[in-house]
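Student: What follows is entry23.cif; its format and atoms are mmCIF, C-alpha atoms.
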```cif
data_run
#
loop_
_atom_site.label_atom_id
_atom_site.label_comp_id
_atom_site.auth_asym_id
_atom_site.auth_seq_id
_atom_site.Cartn_x
_atom_site.Cartn_y
_atom_site.Cartn_z
CA MET A 226 129.92 142.31 116.85
CA SER A 227 128.66 144.02 120.01
CA LEU A 228 125.86 142.54 122.06
CA LEU A 229 122.45 144.09 121.49
CA SER A 230 122.42 145.27 125.12
CA ASP A 231 125.72 147.08 124.54
CA LEU A 232 124.30 148.93 121.54
CA ILE A 233 121.09 149.89 123.37
CA ASN A 234 123.17 151.35 126.21
CA LEU A 235 125.57 153.31 123.99
CA ASN A 236 126.26 156.79 125.38
CA ILE A 237 125.71 158.80 122.20
CA SER A 238 126.63 162.06 123.98
CA GLU A 239 130.27 160.99 123.69
CA ALA A 240 130.01 161.08 119.91
CA THR A 241 127.41 163.74 119.02
CA GLU A 242 125.37 166.63 120.39
CA LYS A 243 122.27 165.18 118.75
CA VAL A 244 119.56 163.66 120.94
CA ILE A 245 116.68 161.24 120.41
CA ALA A 246 113.20 162.60 121.19
CA GLU A 247 110.39 160.11 121.71
CA TYR A 248 106.95 161.45 120.76
CA ILE A 249 104.10 159.77 122.67
CA TRP A 250 100.36 159.93 122.00
CA ILE A 251 97.14 158.07 122.70
CA GLY A 252 95.73 155.99 119.83
CA GLY A 253 92.22 155.58 118.52
CA SER A 254 91.04 153.04 121.11
CA GLY A 255 91.68 155.52 123.90
CA MET A 256 94.04 153.07 125.63
CA ASP A 257 96.67 152.15 123.02
CA ILE A 258 99.78 154.22 123.63
CA ARG A 259 101.68 154.99 120.42
CA SER A 260 105.16 156.46 119.98
CA LYS A 261 107.88 157.18 117.46
CA ALA A 262 111.30 158.77 117.70
CA ARG A 263 113.18 161.45 115.81
CA THR A 264 116.62 163.04 116.00
CA LEU A 265 117.01 166.60 117.24
CA PRO A 266 120.17 168.71 116.79
CA GLY A 267 120.59 169.16 120.56
CA PRO A 268 118.87 169.04 123.96
CA VAL A 269 115.51 170.80 124.40
CA THR A 270 114.68 172.15 127.87
CA ASP A 271 111.20 173.48 127.08
CA PRO A 272 108.66 171.06 125.55
CA ALA A 273 106.99 174.00 123.81
CA LYS A 274 110.12 174.34 121.69
CA LEU A 275 109.95 170.79 120.36
CA PRO A 276 109.20 170.73 116.62
CA LYS A 277 105.66 169.77 115.65
CA TRP A 278 105.45 166.32 114.07
CA ASN A 279 102.60 164.41 112.51
CA TYR A 280 101.72 160.73 112.23
CA ASP A 281 99.49 158.52 110.07
CA GLY A 282 96.14 158.75 111.80
CA SER A 283 94.57 156.27 109.37
CA SER A 284 96.77 153.57 110.89
CA THR A 285 95.79 154.41 114.48
CA GLY A 286 92.03 154.64 113.93
CA GLN A 287 92.01 158.43 114.22
CA ALA A 288 91.69 159.71 110.64
CA SER A 289 90.64 158.63 107.17
CA GLY A 290 93.20 157.61 104.57
CA GLU A 291 92.36 160.66 102.45
CA ASP A 292 93.38 163.07 105.22
CA SER A 293 95.54 161.03 107.56
CA GLU A 294 98.08 163.48 108.98
CA VAL A 295 97.52 164.09 112.70
CA MET A 296 99.67 166.09 115.08
CA CYS A 297 101.08 164.27 118.13
CA ASP A 298 99.11 166.21 120.78
CA ALA A 299 96.46 165.03 118.51
CA TYR A 300 95.14 167.77 116.30
CA THR A 301 94.08 167.76 112.67
CA PRO A 302 96.30 169.64 110.17
CA ALA A 303 93.78 172.48 110.51
CA GLY A 304 94.55 172.71 114.23
CA GLU A 305 91.32 171.18 115.54
CA PRO A 306 91.59 168.64 118.40
CA ILE A 307 90.60 165.15 117.24
CA PRO A 308 87.88 163.32 119.24
CA THR A 309 90.38 161.15 121.12
CA ASN A 310 92.35 164.19 122.32
CA LYS A 311 90.80 164.23 125.78
CA ARG A 312 93.57 166.46 127.09
CA TYR A 313 92.21 169.46 125.17
CA ASN A 314 88.93 169.70 127.12
CA ALA A 315 90.64 168.79 130.39
CA ALA A 316 93.07 171.67 129.93
CA LYS A 317 90.14 174.05 129.49
CA VAL A 318 88.64 172.89 132.79
CA PHE A 319 91.91 173.16 134.70
CA SER A 320 92.70 176.59 133.24
CA ASN A 321 89.38 177.95 134.50
CA PRO A 322 90.29 180.58 137.16
CA ASP A 323 87.85 179.12 139.69
CA VAL A 324 89.37 175.65 139.32
CA ALA A 325 92.95 176.91 139.33
CA ALA A 326 92.28 178.87 142.54
CA GLN A 327 91.25 175.63 144.28
CA GLU A 328 94.52 173.86 143.35
CA PRO A 329 92.93 170.42 142.83
CA TRP A 330 95.23 167.61 143.96
CA TYR A 331 94.99 164.06 142.67
CA GLY A 332 96.50 160.76 143.67
CA ILE A 333 95.68 157.96 141.22
CA GLU A 334 96.05 154.28 142.15
CA GLN A 335 96.68 152.50 138.84
CA GLU A 336 96.06 148.75 138.96
CA TYR A 337 97.17 146.44 136.14
CA THR A 338 97.70 142.75 135.40
CA LEU A 339 100.78 141.05 133.99
CA LEU A 340 99.97 138.30 131.49
CA ARG A 341 101.97 135.63 129.71
CA LYS A 342 102.44 137.02 126.23
CA ASP A 343 101.41 134.00 124.17
CA VAL A 344 98.46 132.67 126.18
CA LYS A 345 97.15 135.89 127.83
CA TRP A 346 97.00 134.18 131.26
CA PRO A 347 98.22 135.91 134.44
CA MET A 348 101.83 135.51 135.48
CA GLY A 349 102.28 132.94 138.21
CA TRP A 350 99.06 131.07 137.41
CA PRO A 351 99.20 127.40 136.35
CA LEU A 352 98.76 127.24 132.59
CA GLY A 353 95.05 126.73 132.00
CA GLY A 354 94.43 126.47 135.73
CA TYR A 355 94.02 128.58 138.83
CA PRO A 356 96.17 129.40 141.86
CA GLY A 357 95.05 129.18 145.46
CA PRO A 358 92.27 131.58 146.53
CA GLN A 359 92.86 135.24 147.21
CA GLY A 360 94.30 136.19 150.56
CA PRO A 361 98.09 135.76 150.63
CA TYR A 362 98.89 137.79 147.50
CA TYR A 363 98.02 141.36 148.55
CA CYS A 364 101.35 143.01 149.46
CA GLY A 365 102.70 139.46 149.60
CA ASN A 366 106.30 138.34 149.42
CA GLY A 367 107.80 135.12 148.15
CA ALA A 368 108.04 133.24 144.86
CA ASP A 369 104.63 131.64 145.41
CA LYS A 370 102.85 134.93 146.10
CA ALA A 371 104.49 137.75 144.10
CA PHE A 372 104.82 137.34 140.34
CA GLY A 373 106.62 139.94 138.22
CA ARG A 374 108.28 142.02 140.94
CA ASP A 375 111.34 142.66 138.74
CA ILE A 376 109.06 144.42 136.24
CA VAL A 377 107.33 146.38 139.00
CA ASN A 378 110.58 147.59 140.58
CA SER A 379 112.11 148.43 137.20
CA HIS A 380 109.07 150.55 136.42
CA TYR A 381 109.20 152.21 139.83
CA LYS A 382 112.82 153.29 139.40
CA ALA A 383 112.36 154.29 135.74
CA CYS A 384 109.46 156.57 136.69
CA LEU A 385 111.50 158.22 139.45
CA TYR A 386 114.37 158.67 137.00
CA ALA A 387 112.00 160.21 134.44
CA GLY A 388 110.66 162.72 136.97
CA ILE A 389 107.24 161.10 137.36
CA ASN A 390 105.75 161.77 140.79
CA ILE A 391 105.24 158.07 141.48
CA SER A 392 104.50 157.64 145.17
CA GLY A 393 104.48 153.88 145.68
CA VAL A 394 103.81 150.33 144.42
CA ASN A 395 102.26 147.20 145.87
CA GLY A 396 101.08 143.72 144.98
CA GLU A 397 97.31 143.48 144.60
CA VAL A 398 94.65 141.04 145.81
CA MET A 399 94.60 138.93 142.64
CA PRO A 400 97.91 137.17 141.93
CA GLY A 401 99.70 138.65 138.93
CA GLN A 402 98.04 142.02 139.55
CA TRP A 403 99.95 145.08 140.77
CA GLU A 404 99.40 148.73 141.52
CA PHE A 405 101.42 151.92 141.29
CA GLN A 406 100.36 155.33 142.55
CA VAL A 407 100.94 158.70 140.91
CA GLY A 408 100.56 161.86 142.92
CA PRO A 409 99.88 164.10 144.57
CA ALA A 410 99.71 165.93 141.25
CA VAL A 411 97.98 169.23 140.57
CA GLY A 412 95.40 169.65 137.82
CA ILE A 413 96.30 168.56 134.30
CA SER A 414 99.66 167.17 135.43
CA ALA A 415 97.87 164.18 137.02
CA GLY A 416 96.74 162.99 133.60
CA ASP A 417 100.08 163.80 131.98
CA GLU A 418 102.06 161.87 134.57
CA LEU A 419 99.79 158.84 134.62
CA TRP A 420 99.84 158.48 130.84
CA VAL A 421 103.64 158.69 130.72
CA ALA A 422 103.90 156.21 133.61
CA ARG A 423 101.66 153.85 131.63
CA TYR A 424 103.88 154.31 128.57
CA ILE A 425 107.03 153.51 130.56
CA LEU A 426 105.34 150.38 131.92
CA GLU A 427 104.39 149.31 128.38
CA ARG A 428 108.00 149.64 127.26
CA ILE A 429 109.35 147.70 130.24
CA THR A 430 106.88 144.84 129.77
CA GLU A 431 107.84 144.81 126.09
CA ILE A 432 111.48 144.27 127.06
CA ALA A 433 110.47 141.58 129.53
CA GLY A 434 108.32 139.74 126.98
CA VAL A 435 105.22 140.09 129.13
CA ALA A 436 101.79 141.37 128.09
CA LEU A 437 100.26 144.26 130.04
CA SER A 438 96.52 144.41 130.68
CA PHE A 439 94.44 147.32 131.93
CA ASP A 440 91.23 145.29 131.64
CA PRO A 441 89.01 146.05 134.67
CA LYS A 442 88.09 142.37 135.10
CA PRO A 443 90.76 140.26 133.38
CA ILE A 444 89.63 136.99 135.00
CA GLU A 445 85.96 136.23 135.62
CA GLY A 446 84.89 134.59 138.86
CA ASP A 447 85.91 135.09 142.47
CA TRP A 448 88.84 137.37 141.67
CA ASN A 449 89.26 141.09 142.25
CA GLY A 450 89.06 143.39 139.28
CA ALA A 451 91.42 146.25 138.45
CA GLY A 452 90.59 149.88 139.11
CA ALA A 453 92.14 153.32 139.14
CA HIS A 454 90.92 154.76 142.43
CA THR A 455 91.23 158.53 142.25
CA ASN A 456 92.01 160.47 145.42
CA TYR A 457 90.99 164.12 145.28
CA SER A 458 91.09 167.30 147.29
CA THR A 459 90.81 171.03 146.78
CA LYS A 460 92.32 173.90 148.72
CA SER A 461 89.01 174.35 150.56
CA MET A 462 88.88 170.66 151.48
CA ARG A 463 92.41 170.76 152.86
CA SER A 464 91.65 173.82 155.00
CA ASP A 465 89.88 174.05 158.35
CA GLY A 466 86.20 173.25 157.91
CA GLY A 467 87.02 171.23 154.80
CA TYR A 468 84.98 168.20 155.85
CA GLU A 469 81.73 170.00 155.01
CA VAL A 470 83.15 170.93 151.62
CA ILE A 471 84.03 167.27 151.06
CA ILE A 472 80.48 166.12 151.88
CA LYS A 473 78.94 168.67 149.51
CA ALA A 474 81.35 167.64 146.74
CA ILE A 475 80.49 163.95 147.18
CA GLU A 476 76.78 164.75 147.07
CA LYS A 477 77.34 166.52 143.74
CA LEU A 478 79.15 163.45 142.39
CA GLY A 479 76.19 161.32 143.39
CA LEU A 480 73.83 163.49 141.33
CA LYS A 481 75.97 162.85 138.24
CA HIS A 482 76.68 159.17 138.96
CA LYS A 483 75.35 157.77 135.66
CA GLU A 484 77.15 160.40 133.60
CA HIS A 485 80.44 159.72 135.35
CA ILE A 486 80.10 155.93 135.19
CA ALA A 487 79.63 156.18 131.43
CA ALA A 488 83.03 157.90 131.18
CA TYR A 489 84.94 155.97 133.84
CA GLY A 490 86.20 153.14 131.63
CA GLU A 491 84.97 150.36 129.34
CA GLY A 492 83.92 147.05 130.85
CA ASN A 493 83.49 148.59 134.29
CA GLU A 494 80.17 146.81 134.72
CA ARG A 495 82.12 143.54 134.99
CA ARG A 496 84.07 144.99 137.92
CA LEU A 497 81.53 147.11 139.83
CA THR A 498 79.28 144.28 141.01
CA GLY A 499 78.95 145.04 144.71
CA LYS A 500 81.52 142.33 145.44
CA HIS A 501 85.32 142.33 145.71
CA GLU A 502 85.55 145.74 147.40
CA THR A 503 83.26 147.55 144.96
CA ALA A 504 79.85 149.20 145.01
CA ASP A 505 77.23 148.08 142.50
CA ILE A 506 77.54 150.10 139.29
CA ASN A 507 73.86 151.12 139.41
CA ASN A 508 74.03 152.61 142.90
CA PHE A 509 75.94 155.52 144.41
CA LEU A 510 77.11 154.96 147.97
CA TRP A 511 79.61 156.87 150.07
CA GLY A 512 80.95 156.20 153.52
CA VAL A 513 83.84 156.54 155.93
CA ALA A 514 86.45 153.77 155.69
CA ASN A 515 84.06 151.75 153.50
CA ARG A 516 85.90 149.97 150.69
CA GLY A 517 82.58 148.75 149.34
CA ALA A 518 81.46 152.32 148.63
CA SER A 519 81.52 154.33 145.41
CA VAL A 520 83.34 157.10 147.25
CA ARG A 521 85.30 156.57 150.47
CA ILE A 522 86.40 159.08 153.09
CA GLY A 523 89.36 158.01 155.20
CA ARG A 524 89.25 157.87 159.00
CA GLU A 525 92.05 160.40 159.27
CA THR A 526 90.11 162.89 157.15
CA GLU A 527 87.03 162.45 159.31
CA LYS A 528 89.09 162.88 162.48
CA ALA A 529 90.96 165.95 161.20
CA GLY A 530 87.83 167.56 159.79
CA LYS A 531 89.61 168.18 156.49
CA GLY A 532 91.57 166.35 153.83
CA TYR A 533 90.53 164.34 150.77
CA PHE A 534 88.24 161.60 149.49
CA GLU A 535 88.69 158.61 147.21
CA ASP A 536 86.51 157.99 144.14
CA ARG A 537 86.66 154.19 143.83
CA ARG A 538 84.57 153.95 140.64
CA PRO A 539 87.13 154.57 137.85
CA ALA A 540 88.25 151.45 136.00
CA SER A 541 91.89 150.61 135.38
CA ASN A 542 91.44 151.59 131.71
CA MET A 543 89.95 155.01 132.44
CA ASP A 544 91.30 158.13 130.77
CA PRO A 545 92.80 160.26 133.57
CA TYR A 546 92.18 163.45 131.61
CA VAL A 547 88.46 162.64 131.53
CA VAL A 548 88.14 161.46 135.13
CA THR A 549 90.16 164.23 136.79
CA SER A 550 88.50 167.02 134.82
CA MET A 551 85.00 165.62 135.41
CA ILE A 552 85.58 165.48 139.15
CA ALA A 553 86.92 169.05 139.22
CA GLU A 554 84.20 170.42 136.97
CA THR A 555 81.43 168.75 138.98
CA THR A 556 82.72 169.63 142.45
CA ILE A 557 83.98 173.17 141.75
CA LEU A 558 82.09 174.63 138.79
CA TRP A 559 78.71 172.87 138.81
CA ASN A 560 75.89 174.32 140.89
CA PRO A 561 72.88 171.96 140.84
#
```
Since I need it in another form, could you write the structure as structure tokens?
Tutor:
Amino acid sequence: MSLLSDLINLNISEATEKVIAEYIWIGGSGMDIRSKARTLPGPVTDPAKLPKWNYDGSSTGQASGEDSEVMCDAYTPAGEPIPTNKRYNAAKVFSNPDVAAQEPWYGIEQEYTLLRKDVKWPMGWPLGGYPGPQGPYYCGNGADKAFGRDIVNSHYKACLYAGINISGVNGEVMPGQWEFQVGPAVGISAGDELWVARYILERITEIAGVALSFDPKPIEGDWNGAGAHTNYSTKSMRSDGGYEVIIKAIEKLGLKHKEHIAAYGEGNERRLTGKHETADINNFLWGVANRGASVRIGRETEKAGKGYFEDRRPASNMDPYVVTSMIAETTILWNP
């Protein structure tokens, strides 16, 4: 009998032209990533040519048992997007000619926490206890500072192999917490790439027997939360004179602060307290090189007079389709 690892790594192309296609979608909670696989007669180079396939929406919290068939890009059998299909409205925003002409770029900093599977306590923490205070863990090295690096590096390489535009990884301020960055990505592809990167991470932590948390404040107390800082620029912002465009865009975001906060992730009020490198959730504050602001402009952008800004409000469990499209719609299409 072969080892399980041998069977998983079988090269089926030596025996058949058939391929395995994994269908991925977002479940009813908005954060649970579902998937199932099917056999195709041969390779498919264009995703539009993949056969449509449905799933049992009553088991994912997305449909009733009497009418439970849902399509994977998450439509009803009648072709209507279901409420959790946030990609549908985002695609409409990004296909708007005025938005497309501005070529919106995004770089998303996805933070997450690795937990022991059975006790839901961060990796590297004493069971039922706490490690030393924050300080040595951010970008730290060593067995007493970095916990789960094998998972992080496996995810990094798997994303590169899969064609995800992953641009870096680092250990975060709270031990057991890590970050990966996706981008720069244009328009709708930012959401697509982040969701697939999340899916790959879920599968790798599954193999490792570790639980993955996108909770924005997994441990209460004097510990940093987890966010998904979203860096953003348009063609006008990246051009000469772009700094004024950036300021006007940030001012627009401030006018819609409450609306955006409501859509920037559940439990964000536990993270955005005005402490641990955050602005208070009830206030909108922007500044240059200020990590305690809602929106931060980098020193290099200020010096160059053009570039990008960072929206620091999104939680780690935010939906990138919602956040990216809201930022584009507000800064490009909305005229207060």
Student: Might you spell out which residues the PyMOL selection byres ((chain A and resi 558) around 12) would select in the displayed file, as a PyMOL selection string?
Tutor: chain A and resi 318-319+321-327+474+477+550-557+559-561
Student: One number please: CA of Asp298 in chain A to CA of Ser284 in chain A, in Å, one decimal.
Tutor: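 Taking CA of Asp298 in chain A as the start and CA of Ser284 in chain A as the end point, the length is 16.2 Å.
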Student: Let me know the residues the PyMOL selection byres ((chain A and resi 247) around 7) catches in the file above, as a list in words.
Tutor: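 Evaluating the PyMOL selection byres ((chain A and resi 247) around 7) on these coordinates yields Ile245, Ala246, Tyr248, Ile249, Ser260, Lys261, Ala262 and Arg263 of chain A.
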Student: Would you mind reading off the distance between CA of Gly450 in chain A and CA of Gly523 in chain A, one decimal, in Å?
Tutor: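 So the answer is 21.6 Å.
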Student: List the spatial neighbours of Thr430 in chain A as a compact mmCIF listing (two decimals) with C-alpha atoms, in the coordinates of the input - criterion: any atom at most 8 Å away, only C-alpha atoms, same-chain residues fewer than 6 positions off excluded.
Tutor:
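Saved file result_37.txt follows:
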```txt
# COMPACT_ATOMS: atom_id res chain seq x y z
CA ILE A 376 109.06 144.42 136.24
CA ALA A 436 101.79 141.37 128.09
CA LEU A 437 100.26 144.26 130.04
```
Student: Can you list, as a list of chain:residue names, the residues that the PyMOL selection byres ((chain A and resi 264-273) around 6) selects here?
Tutor: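 Against this file, the PyMOL selection byres ((chain A and resi 264-273) around 6) returns the residues A:Glu242, A:Lys243, A:Val244, A:Ile245, A:Arg263, A:Lys274, A:Leu275.
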Student: Return the single residue from A:Asp465, A:Glu535, A:Glu334, A:Asp281 that is closest to Ala299 in chain A, with distances computed using only C-alpha atoms.
Tutor: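 Using only C-alpha atoms, the shortest distance to Ala299 in chain A belongs to A:Asp281.
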Student: Work out how far apart CA of Asn310 in chain A and CA of Asp257 in chain A are and give it in Å to one decimal.
Tutor: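 Interatomic distance, CA of Asn310 in chain A to CA of Asp257 in chain A: 12.8 Å.
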Student: Of the residues A:Ala514, A:Thr503, A:Met543, A:Thr459, which is the one nearest to Lys531 in chain A, using all atoms listed in the file?
Tutor: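 Between A:Ala514, A:Thr503, A:Met543, A:Thr459, the residue approaching Lys531 in chain A most closely is A:Thr459.
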Student: For Gly490 in chain A, which residue out of A:Ala529, A:Val548, A:Ile444, A:Ala288 is the nearest one, using all atoms listed in the file?
Tutor: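 Comparing A:Ala529, A:Val548, A:Ile444, A:Ala288 against Gly490 in chain A, the winner is A:Val548.
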Student: For Asp343 in chain A, which residue out of A:Gly434, A:Ala371, A:Ser464, A:Glu239 is the nearest one, using all atoms listed in the file?
Tutor: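 Among A:Gly434, A:Ala371, A:Ser464, A:Glu239, it is A:Gly434 that comes nearest to Asp343 in chain A.
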Student: Taking all atoms listed in the file into account, name the residue in A:Trp250, A:Tyr300, A:Tyr546, A:Phe534 that is nearest to Tyr457 in chain A.
Tutor: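 Nearest to Tyr457 in chain A: A:Phe534.
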Student: Near Asn378 in chain A, within 12 Å and counting only C-alpha atoms, which residues show up once chain neighbours fewer than 6 positions away are dropped, as a list in words?
Tutor: Phe372, Cys384, Leu385, Ile391, Gly393, Val394, Asn395, Gly396, Trp403, Glu404, Phe405, Leu426, Ile429 and Thr430 of chain A
Student: Since the input is missing atoms for range 382-392 of chain A, could you rebuild it with all heavy atoms and give the result as a compact mmCIF listing (two decimals), keeping the file's coordinate frame?
Tutor:
```txt
# COMPACT_ATOMS: atom_id res chain seq x y z
N LYS A 382 111.58 152.51 139.49
CA LYS A 382 112.82 153.29 139.40
C LYS A 382 112.86 154.11 138.11
O LYS A 382 113.34 155.26 138.11
CB LYS A 382 114.03 152.37 139.48
CG LYS A 382 114.21 151.75 140.87
CD LYS A 382 115.43 150.85 140.94
CE LYS A 382 115.61 150.28 142.34
NZ LYS A 382 116.80 149.39 142.44
N ALA A 383 112.35 153.55 137.01
CA ALA A 383 112.36 154.29 135.74
C ALA A 383 111.48 155.52 135.83
O ALA A 383 111.82 156.58 135.28
CB ALA A 383 111.89 153.37 134.61
N CYS A 384 110.34 155.41 136.53
CA CYS A 384 109.46 156.57 136.69
C CYS A 384 110.13 157.65 137.54
O CYS A 384 110.05 158.85 137.23
CB CYS A 384 108.14 156.15 137.32
SG CYS A 384 107.00 155.33 136.19
N LEU A 385 110.78 157.25 138.63
CA LEU A 385 111.50 158.22 139.45
C LEU A 385 112.59 158.90 138.63
O LEU A 385 112.77 160.13 138.71
CB LEU A 385 112.11 157.53 140.67
CG LEU A 385 111.13 157.09 141.76
CD1 LEU A 385 111.84 156.24 142.81
CD2 LEU A 385 110.47 158.29 142.42
N TYR A 386 113.30 158.12 137.83
CA TYR A 386 114.37 158.67 137.00
C TYR A 386 113.81 159.66 135.97
O TYR A 386 114.43 160.68 135.67
CB TYR A 386 115.09 157.53 136.28
CG TYR A 386 116.28 157.97 135.44
CD1 TYR A 386 117.51 158.22 136.03
CD2 TYR A 386 116.16 158.13 134.06
CE1 TYR A 386 118.60 158.62 135.27
CE2 TYR A 386 117.23 158.53 133.29
CZ TYR A 386 118.45 158.78 133.90
OH TYR A 386 119.52 159.19 133.14
N ALA A 387 112.61 159.36 135.46
CA ALA A 387 112.00 160.21 134.44
C ALA A 387 111.33 161.45 135.02
O ALA A 387 110.84 162.30 134.28
CB ALA A 387 110.98 159.41 133.64
N GLY A 388 111.29 161.56 136.35
CA GLY A 388 110.66 162.72 136.97
C GLY A 388 109.18 162.57 137.21
O GLY A 388 108.50 163.55 137.56
N ILE A 389 108.65 161.35 137.05
CA ILE A 389 107.24 161.10 137.36
C ILE A 389 107.07 161.10 138.87
O ILE A 389 107.86 160.51 139.60
CB ILE A 389 106.79 159.74 136.78
CG1 ILE A 389 107.00 159.68 135.26
CG2 ILE A 389 105.34 159.45 137.14
CD1 ILE A 389 106.18 160.67 134.50
N ASN A 390 106.01 161.73 139.35
CA ASN A 390 105.75 161.77 140.79
C ASN A 390 105.05 160.48 141.22
O ASN A 390 103.91 160.47 141.68
CB ASN A 390 104.90 162.99 141.13
CG ASN A 390 104.83 163.24 142.63
OD1 ASN A 390 105.66 162.75 143.39
ND2 ASN A 390 103.84 163.99 143.05
N ILE A 391 105.77 159.37 141.06
CA ILE A 391 105.24 158.07 141.48
C ILE A 391 105.46 157.95 142.98
O ILE A 391 106.55 158.23 143.49
CB ILE A 391 105.91 156.92 140.70
CG1 ILE A 391 105.26 155.56 141.05
CG2 ILE A 391 107.41 156.89 140.90
CD1 ILE A 391 105.70 154.43 140.14
N SER A 392 104.42 157.57 143.70
CA SER A 392 104.50 157.64 145.17
C SER A 392 104.51 156.27 145.83
O SER A 392 104.63 156.20 147.06
CB SER A 392 103.33 158.47 145.72
OG SER A 392 102.10 158.08 145.16
```
